[in-house]
$ cat upload.txt   # compact mmCIF, C-alpha atoms and all ligand atoms
# COMPACT_ATOMS: atom_id res chain seq x y z
CA MET A 469 0.00 0.00 0.00
CA PRO A 470 1.44 3.43 -0.88
CA GLU A 471 1.73 5.83 2.07
CA PRO A 472 -1.01 8.48 2.20
CA PRO A 473 -0.10 12.09 1.44
CA ILE A 474 0.61 13.96 4.68
CA ALA A 475 -0.31 17.60 5.29
CA PRO A 476 2.98 19.45 5.89
CA PRO A 477 1.72 21.46 8.91
CA SER A 478 0.81 18.19 10.73
CA SER A 479 2.40 17.44 14.08
CA ASN A 480 4.34 14.19 14.63
CA LEU A 481 1.36 12.57 16.31
CA GLN A 482 -0.98 13.59 13.51
CA ARG A 483 1.46 12.16 10.95
CA LYS A 484 1.82 8.91 12.87
CA THR A 485 -1.96 8.57 13.20
CA THR A 486 -2.48 9.17 9.49
CA ILE A 487 0.20 6.70 8.40
CA ASN A 488 -0.69 3.91 10.82
CA GLY A 489 -4.49 4.22 10.68
CA LYS A 490 -6.82 2.23 8.44
CA TYR A 491 -9.63 4.50 7.36
CA ALA A 492 -12.63 4.02 5.07
CA PRO A 493 -12.47 5.85 1.74
CA VAL A 494 -14.07 9.30 1.60
CA PRO A 495 -16.15 10.78 -1.25
CA PRO A 496 -13.98 11.86 -4.20
CA VAL A 497 -15.44 15.40 -4.17
CA CYS A 498 -15.95 17.10 -0.79
CA ILE A 499 -16.88 20.60 0.35
CA VAL A 500 -15.87 22.01 3.73
CA THR A 501 -17.32 25.35 4.82
CA GLY A 502 -15.19 27.16 7.38
CA GLY A 503 -12.18 25.33 5.94
CA THR A 504 -9.53 27.75 7.16
CA GLY A 505 -10.67 27.57 10.80
CA PHE A 506 -9.05 25.43 13.46
CA VAL A 507 -11.25 22.38 12.83
CA GLY A 508 -12.01 23.05 9.15
CA CYS A 509 -8.36 23.24 8.12
CA ARG A 510 -7.58 19.87 9.69
CA LEU A 511 -10.76 18.42 8.17
CA VAL A 512 -9.70 19.52 4.68
CA GLU A 513 -6.28 17.96 5.27
CA MET A 514 -7.65 14.69 6.62
CA LEU A 515 -10.09 14.31 3.71
CA VAL A 516 -7.18 14.60 1.28
CA GLU A 517 -5.02 12.27 3.41
CA ARG A 518 -7.87 9.73 3.20
CA GLY A 519 -8.03 9.90 -0.58
CA ALA A 520 -10.36 12.75 -1.64
CA LYS A 521 -9.62 13.88 -5.19
CA LYS A 522 -11.03 17.38 -4.75
CA VAL A 523 -11.76 19.28 -1.54
CA ILE A 524 -13.07 22.82 -1.73
CA SER A 525 -12.60 24.88 1.41
CA PHE A 526 -15.01 27.82 1.57
CA ASP A 527 -14.25 30.44 4.20
CA VAL A 528 -14.34 34.24 4.58
CA VAL A 529 -10.85 34.08 6.03
CA PRO A 530 -8.14 33.30 3.44
CA PRO A 531 -5.92 30.26 4.03
CA PRO A 532 -2.94 30.83 6.34
CA PRO A 533 0.51 31.08 4.73
CA ASP A 534 1.36 27.51 5.80
CA ALA A 535 -1.88 26.05 4.34
CA TRP A 536 -1.29 22.83 2.40
CA LYS A 537 -0.71 23.64 -1.28
CA HIS A 538 -1.95 20.32 -2.61
CA PRO A 539 -3.43 20.00 -6.12
CA ASN A 540 -6.55 18.32 -4.65
CA ILE A 541 -7.36 21.33 -2.45
CA GLU A 542 -9.03 24.54 -3.58
CA TRP A 543 -8.94 27.28 -0.92
CA ARG A 544 -11.89 29.42 -1.97
CA VAL A 545 -12.60 32.68 -0.13
CA GLY A 546 -16.34 33.29 0.25
CA ASP A 547 -19.15 33.99 2.66
CA ILE A 548 -21.97 31.53 3.47
CA THR A 549 -24.32 34.48 4.01
CA ASP A 550 -23.85 35.33 0.32
CA LYS A 551 -26.52 33.21 -1.41
CA LYS A 552 -25.00 33.64 -4.85
CA ALA A 553 -21.55 32.54 -3.74
CA VAL A 554 -23.01 29.51 -1.92
CA ASP A 555 -25.00 28.58 -5.01
CA GLU A 556 -21.90 28.76 -7.15
CA LEU A 557 -19.98 26.65 -4.62
CA LEU A 558 -22.62 23.93 -4.47
CA SER A 559 -23.03 23.82 -8.25
CA THR A 560 -19.68 21.97 -8.26
CA PRO A 561 -20.33 18.66 -10.05
CA GLN A 562 -20.34 15.29 -8.21
CA VAL A 563 -20.19 16.62 -4.64
CA GLY A 564 -20.37 13.59 -2.33
CA CYS A 565 -20.93 15.49 0.90
CA VAL A 566 -20.88 18.98 2.39
CA TRP A 567 -19.26 19.32 5.81
CA HIS A 568 -20.92 22.48 7.07
CA ASN A 569 -18.52 23.72 9.65
CA ALA A 570 -18.42 27.51 9.11
CA ALA A 571 -19.72 29.47 12.06
CA ALA A 572 -19.29 32.61 14.08
CA VAL A 573 -17.60 30.85 17.03
CA GLY A 574 -16.84 32.02 20.56
CA PRO A 575 -18.46 34.83 22.55
CA TYR A 576 -16.84 37.82 20.86
CA HIS A 577 -18.96 38.66 17.78
CA PRO A 578 -21.78 41.21 17.41
CA ARG A 579 -25.16 39.59 18.18
CA ASP A 580 -26.70 39.89 14.71
CA LEU A 581 -23.66 38.25 13.09
CA TYR A 582 -24.40 34.99 14.94
CA PHE A 583 -27.94 34.85 13.47
CA LYS A 584 -26.72 35.77 10.02
CA VAL A 585 -23.90 33.23 9.86
CA ASN A 586 -24.98 30.36 12.10
CA TYR A 587 -28.65 30.30 11.16
CA GLU A 588 -29.24 32.10 7.86
CA GLY A 589 -25.93 30.84 6.42
CA THR A 590 -27.01 27.29 7.27
CA LEU A 591 -30.35 27.84 5.50
CA ASN A 592 -28.41 28.95 2.41
CA ILE A 593 -26.38 25.74 2.50
CA ILE A 594 -29.51 23.56 2.85
CA ASP A 595 -31.45 25.34 0.07
CA SER A 596 -28.56 25.32 -2.34
CA ALA A 597 -27.57 21.70 -1.63
CA LYS A 598 -31.15 20.61 -2.38
CA LYS A 599 -31.21 22.68 -5.55
CA HIS A 600 -28.02 21.07 -6.85
CA GLY A 601 -28.91 17.49 -5.91
CA ILE A 602 -26.31 17.13 -3.15
CA ASN A 603 -27.81 14.63 -0.72
CA LYS A 604 -25.46 14.54 2.29
CA ILE A 605 -24.67 17.23 4.86
CA VAL A 606 -22.64 16.72 8.01
CA PHE A 607 -23.18 19.68 10.35
CA SER A 608 -20.72 20.77 13.05
CA SER A 609 -22.79 21.46 16.12
CA SER A 610 -22.05 22.22 19.74
CA PRO A 611 -23.12 20.69 23.07
CA SER A 612 -23.60 24.26 24.33
CA THR A 613 -26.88 24.22 22.36
CA ARG A 614 -28.19 22.08 25.26
CA PHE A 615 -26.57 23.90 28.20
CA THR A 616 -28.90 25.43 30.78
CA GLY A 617 -26.27 26.21 33.43
CA GLU A 618 -26.94 22.91 35.23
CA ASP A 619 -24.08 20.41 35.54
CA VAL A 620 -23.73 17.93 32.68
CA ASP A 621 -22.13 15.05 34.55
CA GLY A 622 -21.83 12.15 32.13
CA LEU A 623 -25.08 12.48 30.16
CA THR A 624 -25.87 10.92 26.80
CA GLU A 625 -27.35 13.09 24.03
CA ASP A 626 -30.84 11.69 24.83
CA GLU A 627 -30.51 12.60 28.50
CA MET A 628 -29.75 16.24 27.71
CA PRO A 629 -32.50 18.86 27.25
CA LYS A 630 -34.29 18.69 23.90
CA LEU A 631 -34.13 21.54 21.38
CA PRO A 632 -35.45 24.18 21.26
CA LEU A 633 -34.60 25.35 24.77
CA GLY A 634 -36.79 27.98 26.40
CA ARG A 635 -33.69 30.07 27.07
CA TYR A 636 -30.11 29.82 25.82
CA MET A 637 -27.03 30.82 27.75
CA GLN A 638 -25.43 32.60 24.78
CA THR A 639 -26.35 33.87 21.33
CA TYR A 640 -23.73 31.51 19.89
CA ALA A 641 -25.54 28.51 21.42
CA GLU A 642 -28.95 29.79 20.38
CA THR A 643 -27.95 30.30 16.75
CA LYS A 644 -26.05 26.99 16.54
CA ALA A 645 -29.25 25.35 17.85
CA LEU A 646 -31.32 27.12 15.18
CA GLY A 647 -28.88 25.92 12.52
CA GLU A 648 -28.90 22.37 13.86
CA MET A 649 -32.70 22.25 14.00
CA ALA A 650 -32.90 23.46 10.39
CA ILE A 651 -30.42 20.74 9.36
CA SER A 652 -32.30 18.05 11.27
CA ASN A 653 -35.75 19.15 10.03
CA ALA A 654 -34.51 19.03 6.43
CA CYS A 655 -33.43 15.39 6.79
CA THR A 656 -35.20 12.67 4.76
CA ASN A 657 -34.13 9.38 3.22
CA GLU A 658 -33.27 11.32 0.06
CA PHE A 659 -31.62 14.39 1.65
CA MET A 660 -29.58 12.99 4.51
CA THR A 661 -28.13 15.03 7.35
CA VAL A 662 -26.48 14.50 10.71
CA ALA A 663 -25.04 16.83 13.37
CA VAL A 664 -21.79 15.97 15.15
CA ALA A 665 -20.41 18.03 18.02
CA PRO A 666 -17.11 17.96 19.88
CA HIS A 667 -16.48 19.30 23.33
CA GLN A 668 -13.57 21.64 24.03
CA VAL A 669 -11.48 21.02 20.95
CA TYR A 670 -7.71 21.22 21.49
CA GLY A 671 -4.62 20.47 19.46
CA PRO A 672 -1.89 22.14 17.43
CA ARG A 673 -3.04 25.34 15.65
CA ASP A 674 -5.93 26.05 18.09
CA ASN A 675 -6.74 29.76 17.79
CA LEU A 676 -9.34 30.26 20.52
CA PHE A 677 -9.34 28.02 23.59
CA LEU A 678 -5.70 27.69 24.63
CA PRO A 679 -4.43 31.04 23.25
CA ASN A 680 -6.98 32.97 25.32
CA LEU A 681 -6.41 31.03 28.53
CA MET A 682 -2.62 31.00 28.10
CA GLU A 683 -2.49 34.77 27.53
CA ALA A 684 -4.43 35.25 30.75
CA ALA A 685 -2.15 32.80 32.58
CA LEU A 686 1.00 34.51 31.34
CA SER A 687 -0.30 37.86 32.55
CA GLY A 688 -0.19 36.28 36.02
CA LYS A 689 -3.85 37.13 36.60
CA LEU A 690 -5.58 33.85 35.79
CA ARG A 691 -6.92 32.13 38.90
CA ILE A 692 -8.86 28.94 39.47
CA PHE A 693 -12.59 29.63 39.45
CA GLY A 694 -14.36 28.13 42.46
CA SER A 695 -13.12 24.83 43.91
CA GLY A 696 -11.38 23.83 40.69
CA GLU A 697 -12.71 20.30 40.92
CA ASN A 698 -15.09 20.35 37.95
CA ARG A 699 -15.05 17.45 35.48
CA ILE A 700 -14.84 18.15 31.76
CA CYS A 701 -14.18 16.23 28.56
CA PHE A 702 -11.92 17.28 25.71
CA THR A 703 -11.79 16.42 22.00
CA HIS A 704 -8.52 16.35 20.09
CA VAL A 705 -9.00 18.14 16.78
CA ASP A 706 -8.16 14.93 14.86
CA ASN A 707 -10.71 12.97 16.89
CA TYR A 708 -13.37 15.52 16.03
CA CYS A 709 -12.48 15.52 12.32
CA HIS A 710 -12.47 11.72 12.35
CA GLY A 711 -15.99 11.80 13.85
CA LEU A 712 -17.15 14.26 11.19
CA ILE A 713 -15.63 12.18 8.39
CA ILE A 714 -17.08 8.83 9.48
CA ALA A 715 -20.51 10.44 10.07
CA GLU A 716 -20.81 10.71 6.28
CA LYS A 717 -20.68 6.91 6.07
CA ALA A 718 -23.66 6.73 8.44
CA LEU A 719 -25.79 8.68 5.96
CA TYR A 720 -27.74 6.05 4.04
CA PRO A 721 -31.51 5.50 3.76
CA ASN A 722 -33.10 4.41 7.08
CA SER A 723 -29.81 4.83 8.97
CA PRO A 724 -30.28 5.33 12.73
CA ALA A 725 -28.08 8.43 12.41
CA LEU A 726 -30.42 10.37 10.10
CA GLY A 727 -31.29 13.81 11.47
CA LYS A 728 -29.61 13.00 14.80
CA PHE A 729 -27.12 14.82 17.05
CA TYR A 730 -23.96 13.09 18.32
CA ILE A 731 -21.15 14.15 20.60
CA VAL A 732 -17.61 12.87 20.03
CA THR A 733 -14.79 13.34 22.54
CA ASP A 734 -11.52 11.66 23.52
CA GLY A 735 -13.80 9.07 25.17
CA THR A 736 -12.22 6.61 27.59
CA THR A 737 -8.71 7.75 26.63
CA HIS A 738 -9.22 10.54 29.22
CA PRO A 739 -7.20 9.94 32.44
CA GLU A 740 -7.82 6.63 34.26
CA GLY A 741 -10.18 5.33 31.60
CA ASN A 742 -12.89 7.85 32.51
CA GLN A 743 -14.68 9.92 29.88
CA TYR A 744 -13.61 13.12 31.69
CA LEU A 745 -10.67 14.94 33.24
CA ASN A 746 -10.25 17.54 35.95
CA PHE A 747 -10.33 20.79 33.99
CA TRP A 748 -8.18 23.01 36.22
CA ARG A 749 -5.56 20.33 36.91
CA ILE A 750 -5.17 19.54 33.22
CA LEU A 751 -5.17 23.22 32.24
CA ASP A 752 -2.46 23.76 34.86
CA GLU A 753 -0.19 21.40 32.92
CA ALA A 754 -0.39 23.81 29.98
CA VAL A 755 0.10 26.85 32.24
CA ILE A 756 3.28 25.34 33.71
CA GLY A 757 4.31 24.19 30.23
CA MET A 758 4.29 27.85 29.10
CA GLY A 759 6.58 28.74 32.00
CA ALA A 760 3.95 30.38 34.22
CA LYS A 761 3.36 29.68 37.92
CA SER A 762 0.99 26.85 38.81
CA LEU A 763 -2.60 28.06 39.25
CA TRP A 764 -2.84 25.78 42.29
CA SER A 765 -0.18 27.84 44.07
CA LYS A 766 -2.49 30.87 44.04
CA ALA A 767 -5.73 31.70 45.84
CA HIS A 768 -8.91 30.54 44.09
CA LEU A 769 -11.61 33.04 43.12
CA PRO A 770 -14.90 32.23 44.85
CA LYS A 771 -17.70 31.53 42.37
CA GLY A 772 -20.16 33.90 44.09
CA LEU A 773 -17.76 36.83 43.83
CA LEU A 774 -16.98 36.00 40.19
CA LEU A 775 -20.67 35.99 39.33
CA VAL A 776 -21.13 39.46 40.82
CA VAL A 777 -18.13 40.85 38.89
CA ALA A 778 -19.27 39.04 35.73
CA PHE A 779 -22.71 40.61 36.06
CA PHE A 780 -21.14 44.08 35.98
CA CYS A 781 -18.87 43.08 33.09
CA ASP A 782 -21.96 41.93 31.13
CA LEU A 783 -23.62 45.27 31.86
CA MET A 784 -20.57 47.34 30.88
CA GLY A 785 -20.08 45.20 27.79
CA LYS A 786 -23.64 45.96 26.67
CA MET A 787 -23.31 49.68 27.44
CA PHE A 788 -19.93 50.29 25.83
CA GLY A 789 -19.67 47.49 23.25
CA VAL A 790 -16.53 46.13 24.94
CA THR A 791 -15.57 42.45 24.94
CA PHE A 792 -14.85 41.07 28.40
CA LYS A 793 -13.27 37.66 28.91
CA LEU A 794 -15.03 37.48 32.24
CA ASN A 795 -18.79 37.22 31.79
CA THR A 796 -21.59 35.23 33.39
CA PHE A 797 -21.37 32.51 30.78
CA SER A 798 -17.61 32.05 31.21
CA VAL A 799 -17.96 31.81 35.01
CA ILE A 800 -20.68 29.17 34.71
CA VAL A 801 -18.91 27.05 32.08
CA LEU A 802 -15.57 27.23 33.89
CA THR A 803 -17.10 25.98 37.14
CA MET A 804 -19.69 23.42 35.97
CA HIS A 805 -19.25 19.73 35.17
CA ARG A 806 -19.34 19.30 31.39
CA TRP A 807 -18.78 15.78 30.18
CA PHE A 808 -20.72 13.29 28.12
CA ASP A 809 -21.20 9.59 27.63
CA ILE A 810 -20.40 9.08 23.92
CA SER A 811 -21.82 5.56 23.57
CA ALA A 812 -24.36 6.69 20.91
CA ALA A 813 -21.58 7.88 18.56
CA GLU A 814 -19.69 4.63 19.22
CA LYS A 815 -22.76 2.56 18.35
CA ASP A 816 -24.32 4.47 15.44
CA LEU A 817 -21.22 6.04 13.84
CA GLY A 818 -18.62 3.46 14.84
CA PHE A 819 -16.63 6.25 16.50
CA LYS A 820 -13.45 5.56 18.46
CA PRO A 821 -10.85 8.24 19.21
CA ILE A 822 -7.82 7.91 16.93
CA ILE A 823 -5.60 9.98 19.26
CA ASP A 824 -5.31 9.24 22.99
CA PHE A 825 -5.91 12.18 25.28
CA ARG A 826 -2.56 11.90 27.11
CA GLU A 827 -0.48 11.79 23.94
CA GLY A 828 -2.56 14.51 22.29
CA TRP A 829 -2.48 16.88 25.26
CA ASP A 830 1.26 16.46 25.92
CA GLU A 831 2.03 17.17 22.29
CA THR A 832 -0.30 20.19 22.22
CA ILE A 833 1.54 21.75 25.16
CA VAL A 834 4.89 21.23 23.41
CA TRP A 835 3.43 22.63 20.18
CA PHE A 836 2.22 25.78 21.96
CA ARG A 837 5.54 26.25 23.72
CA GLU A 838 7.47 25.96 20.46
CA ASN A 839 5.13 27.64 18.00
CA TRP A 840 2.77 29.98 19.84
CA LEU A 841 4.71 31.20 22.86
CA PRO A 842 7.61 32.93 21.04
CA THR A 843 5.32 35.33 19.14
CA ASN A 844 2.11 35.49 21.17
CA GLY A 845 2.86 34.92 24.80
CA VAL A 846 2.32 38.45 26.07
CA GLY A 847 -0.25 38.24 28.86
CA LYS A 848 -3.28 40.47 28.68
CA GLY A 849 -5.18 39.75 31.89
CA MET A 850 -8.47 38.16 32.60
CA LEU A 851 -11.13 40.75 32.19
CA ALA A 852 -10.66 42.45 28.88
CA GLY A 853 -8.82 41.80 25.66
CA ILE A 854 -8.78 38.63 23.62
CA ALA A 855 -5.92 36.74 22.01
CA LYS A 856 -4.35 38.40 18.96
CA SER A 857 -5.06 35.43 16.68
CA THR A 858 -8.71 35.40 17.77
CA GLN A 859 -9.14 39.13 17.18
CA ALA A 860 -7.58 39.02 13.71
CA LYS A 861 -10.10 36.38 12.56
CA ILE A 862 -13.06 38.15 14.15
CA ASP A 863 -12.20 41.34 12.30
CA ILE A 864 -12.24 39.60 8.90
CA GLN A 865 -15.50 37.74 9.62
CA ASP A 866 -17.27 40.90 10.77
CA LYS A 867 -16.00 42.93 7.82
CA SER A 868 -17.22 40.34 5.33
CA ALA A 869 -20.67 40.25 6.92
CA LYS A 870 -20.94 44.04 6.57
CA MET A 871 -19.96 43.82 2.89
CA VAL A 872 -22.53 41.13 2.09
CA GLY A 873 -25.06 43.38 3.88
N1 LIG B 901 -13.60 24.56 18.89
C1 LIG B 901 -14.50 24.01 19.71
O1 LIG B 901 -14.21 23.70 20.88
C2 LIG B 901 -15.89 23.74 19.21
C3 LIG B 901 -16.82 23.24 20.13
C4 LIG B 901 -18.12 22.99 19.69
C5 LIG B 901 -18.47 23.20 18.37
N2 LIG B 901 -17.54 23.66 17.50
C6 LIG B 901 -17.98 23.87 16.10
O2 LIG B 901 -16.96 23.44 15.22
C7 LIG B 901 -16.94 24.27 14.06
C8 LIG B 901 -15.52 24.78 13.83
O3 LIG B 901 -15.10 25.56 14.93
P1 LIG B 901 -13.60 26.04 15.11
O4 LIG B 901 -13.23 25.80 16.50
O5 LIG B 901 -12.76 25.50 14.01
O6 LIG B 901 -13.79 27.62 14.94
P2 LIG B 901 -13.06 28.60 13.92
O7 LIG B 901 -13.55 29.97 14.23
O8 LIG B 901 -11.60 28.36 13.91
O9 LIG B 901 -13.67 28.11 12.53
C9 LIG B 901 -14.88 28.59 11.98
C10 LIG B 901 -14.57 29.06 10.58
O10 LIG B 901 -15.79 29.54 9.98
C11 LIG B 901 -15.43 30.66 9.21
N3 LIG B 901 -16.58 31.54 8.97
C12 LIG B 901 -17.18 32.38 9.86
N4 LIG B 901 -18.15 33.05 9.26
C13 LIG B 901 -18.17 32.64 7.96
C14 LIG B 901 -18.95 32.97 6.85
N5 LIG B 901 -19.91 33.91 6.92
N6 LIG B 901 -18.72 32.35 5.66
C15 LIG B 901 -17.72 31.41 5.56
N7 LIG B 901 -16.93 31.07 6.58
C16 LIG B 901 -17.16 31.66 7.78
C17 LIG B 901 -14.39 31.39 10.05
O11 LIG B 901 -13.65 32.30 9.28
C18 LIG B 901 -13.59 30.24 10.60
O12 LIG B 901 -12.45 29.97 9.79
C19 LIG B 901 -17.96 25.37 14.29
O13 LIG B 901 -19.14 25.07 13.59
C20 LIG B 901 -18.19 25.35 15.78
O14 LIG B 901 -19.50 25.79 16.12
C21 LIG B 901 -16.25 23.95 17.89
$ encode --input "upload.txt" --output "structure tokens" --more "lines below"
Ligand SMILES: NC(=O)c1ccc[n+]([C@@H]2O[C@H](COP(=O)([O-])OP(=O)(O)OC[C@H]3O[C@@H](n4cnc5c(N)ncnc54)[C@H](O)[C@@H]3O)[C@@H](O)[C@H]2O)c1
Amino acid sequence: MPEPPIAPPSSNLQRKTTINGKYAPVPPVCIVTGGTGFVGCRLVEMLVERGAKKVISFDVVPPPPDAWKHPNIEWRVGDITDKKAVDELLSTPQVGCVWHNAAAVGPYHPRDLYFKVNYEGTLNIIDSAKKHGINKIVFSSSPSTRFTGEDVDGLTEDEMPKLPLGRYMQTYAETKALGEMAISNACTNEFMTVAVAPHQVYGPRDNLFLPNLMEAALSGKLRIFGSGENRICFTHVDNYCHGLIIAEKALYPNSPALGKFYIVTDGTTHPEGNQYLNFWRILDEAVIGMGAKSLWSKAHLPKGLLLVVAFFCDLMGKMFGVTFKLNTFSVIVLTMHRWFDISAAEKDLGFKPIIDFREGWDETIVWFRENWLPTNGVGKGMLAGIAKSTQAKIDIQDKSAKMVG
């Protein structure tokens, strides 16, 4: 067997996993919206590594300078809120599946942008796919669509609240839920869809989760919220992309996966065979790995106090249009249990993590120390200011939305 092509920006672990793994073939022609994002970029790469002949990435943000220049990849710059551009994209002949992954992600965008991109953009993808006879869509969703602020301590998808919720904790979650419901409602035996969500994606080239927390840690101001004993699950970016890729195979008439929502994580490769880890202890490994002082050597911030400060930050944010890292949502999510039982994805999609948590996390810390720290590691504090890489992307996404109108 010839060795698969390997994306040059891959880490050693990603290379090893690609070379040693045995993966089912993927459709020859694939479309990935949001293909220059953290997840989308790796998804484009993994589709090509698994044999796709043509993958079109469609994203408002142009590919980064180190993006894989492979003849099977087209990096197209475009906006999913632009109906005409979406129609042109989906008129590509012989598309086997659309991985709809583009979204306004994180808490930092203007409110109307979330509706425009995450909901209306998704409607554009559905309408245009139907028009052009494309019959498979895999949608990237989020477990936060089901968060109410209560602990999620090892629930399955069926045990979580059903959509729509009466009240969402964030506009991001609300609009991802609207998008997911539209995708699920459109599903039939002829037009097949499925939603797959990760939880807390990490890995090399992450531009949101670790950069923001590491900048706060390096400023010396990050503290453990509450007791610091909350249980959380993580998803290595390759495990998520693997879940998204194999979900396409579960799209066939009368499949149990049709129109459903699945969560994929690092599963039982989390410490001690559990499906969770201790968030603040694991995060502390990265903090120490960046050369900062252990969070456990400092006083914790009581949850009650944080909620009061967060309330005022929310208020000021609304009044002055400022983005605060500390807000009610961040306090709740950083103190609650958030982990899932992924047995449904194992059963219906045949999902198993391809990268073990311990190996993936250790390598991610090394990757950040070697690649991110030298140019980005200037701490900014906990209340205001977001990581440089995050802000740069937000600016492009917001500008494009204004241009499309
Ligand atoms: N990272 C996580 O922990 C996480 C957790 C749950 C769900 N998800 C989901 O996974 C998907 C990928 O997230 P990510 O972490 O890679 O975020 P990301 O921000 O890196 O990627 C999203 C991409 O979508 C693009 N995009 C935004 N608006 C667009 C538009 N109008 N037209 C075209 N492209 C547009 C962005 O430019 C970006 O490259 C998202 O759908 C997100 O909701 C991610």
$ residues_near_ligand --input "upload.txt" --ligand "ligand LIG 901 (chain B)" --cutoff "8 Å" --atoms "only C-alpha atoms and all ligand atoms" --output "ChimeraX atom specification"
/A:501-509,526-529,545-550,568-574,584-586,589,607-612,644,665-670,674-677,703,861-862,864-865,868-869
$ closest_residue --input "upload.txt" --among "A:Ala754, A:Ser652, A:His738, A:Tyr640" --to "Tyr576 in chain A" --atoms "all atoms listed in the file"
A:Tyr640
$ atom_distance --input "upload.txt" --atom1 "CA of Cys709 in chain A" --atom2 "CA of Leu511 in chain A"
5.3 Å
$ closest_residue --input "upload.txt" --among "A:His805, A:Lys766, A:Arg483, A:Lys598" --to "Asp619 in chain A" --atoms "only C-alpha atoms"
A:His805
$ residues_around --input "upload.txt" --residues "Val566 in chain A" --least-positions-apart "5" --cutoff "8 Å" --atoms "only C-alpha atoms" --output "list of chain:residue names"
A:Cys498, A:Ile499, A:Val500, A:Thr501, A:Ile602, A:Lys604, A:Ile605, A:Val606
$ residues_around --input "upload.txt" --residues "range 791-799 of chain A" --least-positions-apart "5" --cutoff "10 Å" --atoms "all atoms listed in the file" --output "number ranges by chain"
A: 575-578, 617, 637-638, 680-681, 684, 693-694, 771-772, 774-786, 804, 849-854
$ residues_around --input "upload.txt" --residues "Glu642 in chain A" --least-positions-apart "4" --cutoff "10 Å" --atoms "all atoms listed in the file" --output "short mmCIF file (atom, residue, chain, number, x, y, z; two decimals) with C-alpha atoms, in the coordinates of the input"
data_model
loop_
_atom_site.label_atom_id
_atom_site.label_comp_id
_atom_site.auth_asym_id
_atom_site.auth_seq_id
_atom_site.Cartn_x
_atom_site.Cartn_y
_atom_site.Cartn_z
CA TYR A 582 -24.40 34.99 14.94
CA PHE A 583 -27.94 34.85 13.47
CA ASN A 586 -24.98 30.36 12.10
CA TYR A 587 -28.65 30.30 11.16
CA SER A 612 -23.60 24.26 24.33
CA THR A 613 -26.88 24.22 22.36
CA ARG A 614 -28.19 22.08 25.26
CA LEU A 631 -34.13 21.54 21.38
CA PRO A 632 -35.45 24.18 21.26
CA LEU A 633 -34.60 25.35 24.77
CA ARG A 635 -33.69 30.07 27.07
CA TYR A 636 -30.11 29.82 25.82
CA MET A 637 -27.03 30.82 27.75
CA GLN A 638 -25.43 32.60 24.78
CA LEU A 646 -31.32 27.12 15.18
CA GLY A 647 -28.88 25.92 12.52
CA GLU A 648 -28.90 22.37 13.86
#
$ atom_distance --input "upload.txt" --atom1 "CA of Val512 in chain A" --atom2 "CA of Thr736 in chain A"
26.4 Å
$ atom_distance --input "upload.txt" --atom1 "CA of Ile810 in chain A" --atom2 "CA of Thr737 in chain A"
12.1 Å
$ residues_near_point --input "upload.txt" --point "(-20.1, 12.2, 15.1)" --cutoff "8 Å" --atoms "all atoms listed in the file" --output "PyMOL selection string"
chain A and resi 663-665+708+711-712+714-715+729-732+813+817+819
$ residues_around --input "upload.txt" --residues "Asn746 in chain A" --least-positions-apart "2" --cutoff "6 Å" --atoms "all atoms listed in the file" --output "list in words"
Asn698, Arg699, Trp748 and Arg749 of chain A
$ closest_residue --input "upload.txt" --among "A:Val662, A:Met758, A:Met787, A:Ile651" --to "Ala685 in chain A" --atoms "all atoms listed in the file"
A:Met758
$ closest_residue --input "upload.txt" --among "A:Glu716, A:Asp626, A:Asp809, A:Glu831" --to "Asn742 in chain A" --atoms "only C-alpha atoms"
A:Asp809
$ closest_residue --input "upload.txt" --among "A:Val801, A:Leu558, A:Met660, A:Ala767" --to "Pro724 in chain A" --atoms "all atoms listed in the file"
A:Met660
$ build_atoms --input "upload.txt" --residues "range 556-563 of chain A" --atoms "N, CA and C atoms" --output "mmCIF file, in the coordinates of the input"
data_model
loop_
_atom_site.group_PDB
_atom_site.id
_atom_site.type_symbol
_atom_site.label_atom_id
_atom_site.label_comp_id
_atom_site.auth_asym_id
_atom_site.auth_seq_id
_atom_site.Cartn_x
_atom_site.Cartn_y
_atom_site.Cartn_z
ATOM 1 N N GLU A 556 -22.994 29.063 -6.228
ATOM 2 C CA GLU A 556 -21.900 28.760 -7.150
ATOM 3 C C GLU A 556 -21.041 27.613 -6.590
ATOM 4 N N LEU A 557 -20.791 27.693 -5.283
ATOM 5 C CA LEU A 557 -19.980 26.650 -4.620
ATOM 6 C C LEU A 557 -20.647 25.284 -4.778
ATOM 7 N N LEU A 558 -21.950 25.227 -4.492
ATOM 8 C CA LEU A 558 -22.620 23.930 -4.470
ATOM 9 C C LEU A 558 -23.056 23.457 -5.863
ATOM 10 N N SER A 559 -22.780 24.291 -6.878
ATOM 11 C CA SER A 559 -23.030 23.820 -8.250
ATOM 12 C C SER A 559 -21.841 22.991 -8.744
ATOM 13 N N THR A 560 -20.828 22.830 -7.912
ATOM 14 C CA THR A 560 -19.680 21.970 -8.260
ATOM 15 C C THR A 560 -20.208 20.560 -8.572
ATOM 16 N N PRO A 561 -19.798 19.988 -9.710
ATOM 17 C CA PRO A 561 -20.330 18.660 -10.050
ATOM 18 C C PRO A 561 -19.865 17.563 -9.086
ATOM 19 N N GLN A 562 -20.700 16.546 -8.914
ATOM 20 C CA GLN A 562 -20.340 15.290 -8.210
ATOM 21 C C GLN A 562 -19.980 15.448 -6.733
ATOM 22 N N VAL A 563 -20.543 16.456 -6.063
ATOM 23 C CA VAL A 563 -20.190 16.620 -4.640
ATOM 24 C C VAL A 563 -20.773 15.455 -3.843
#
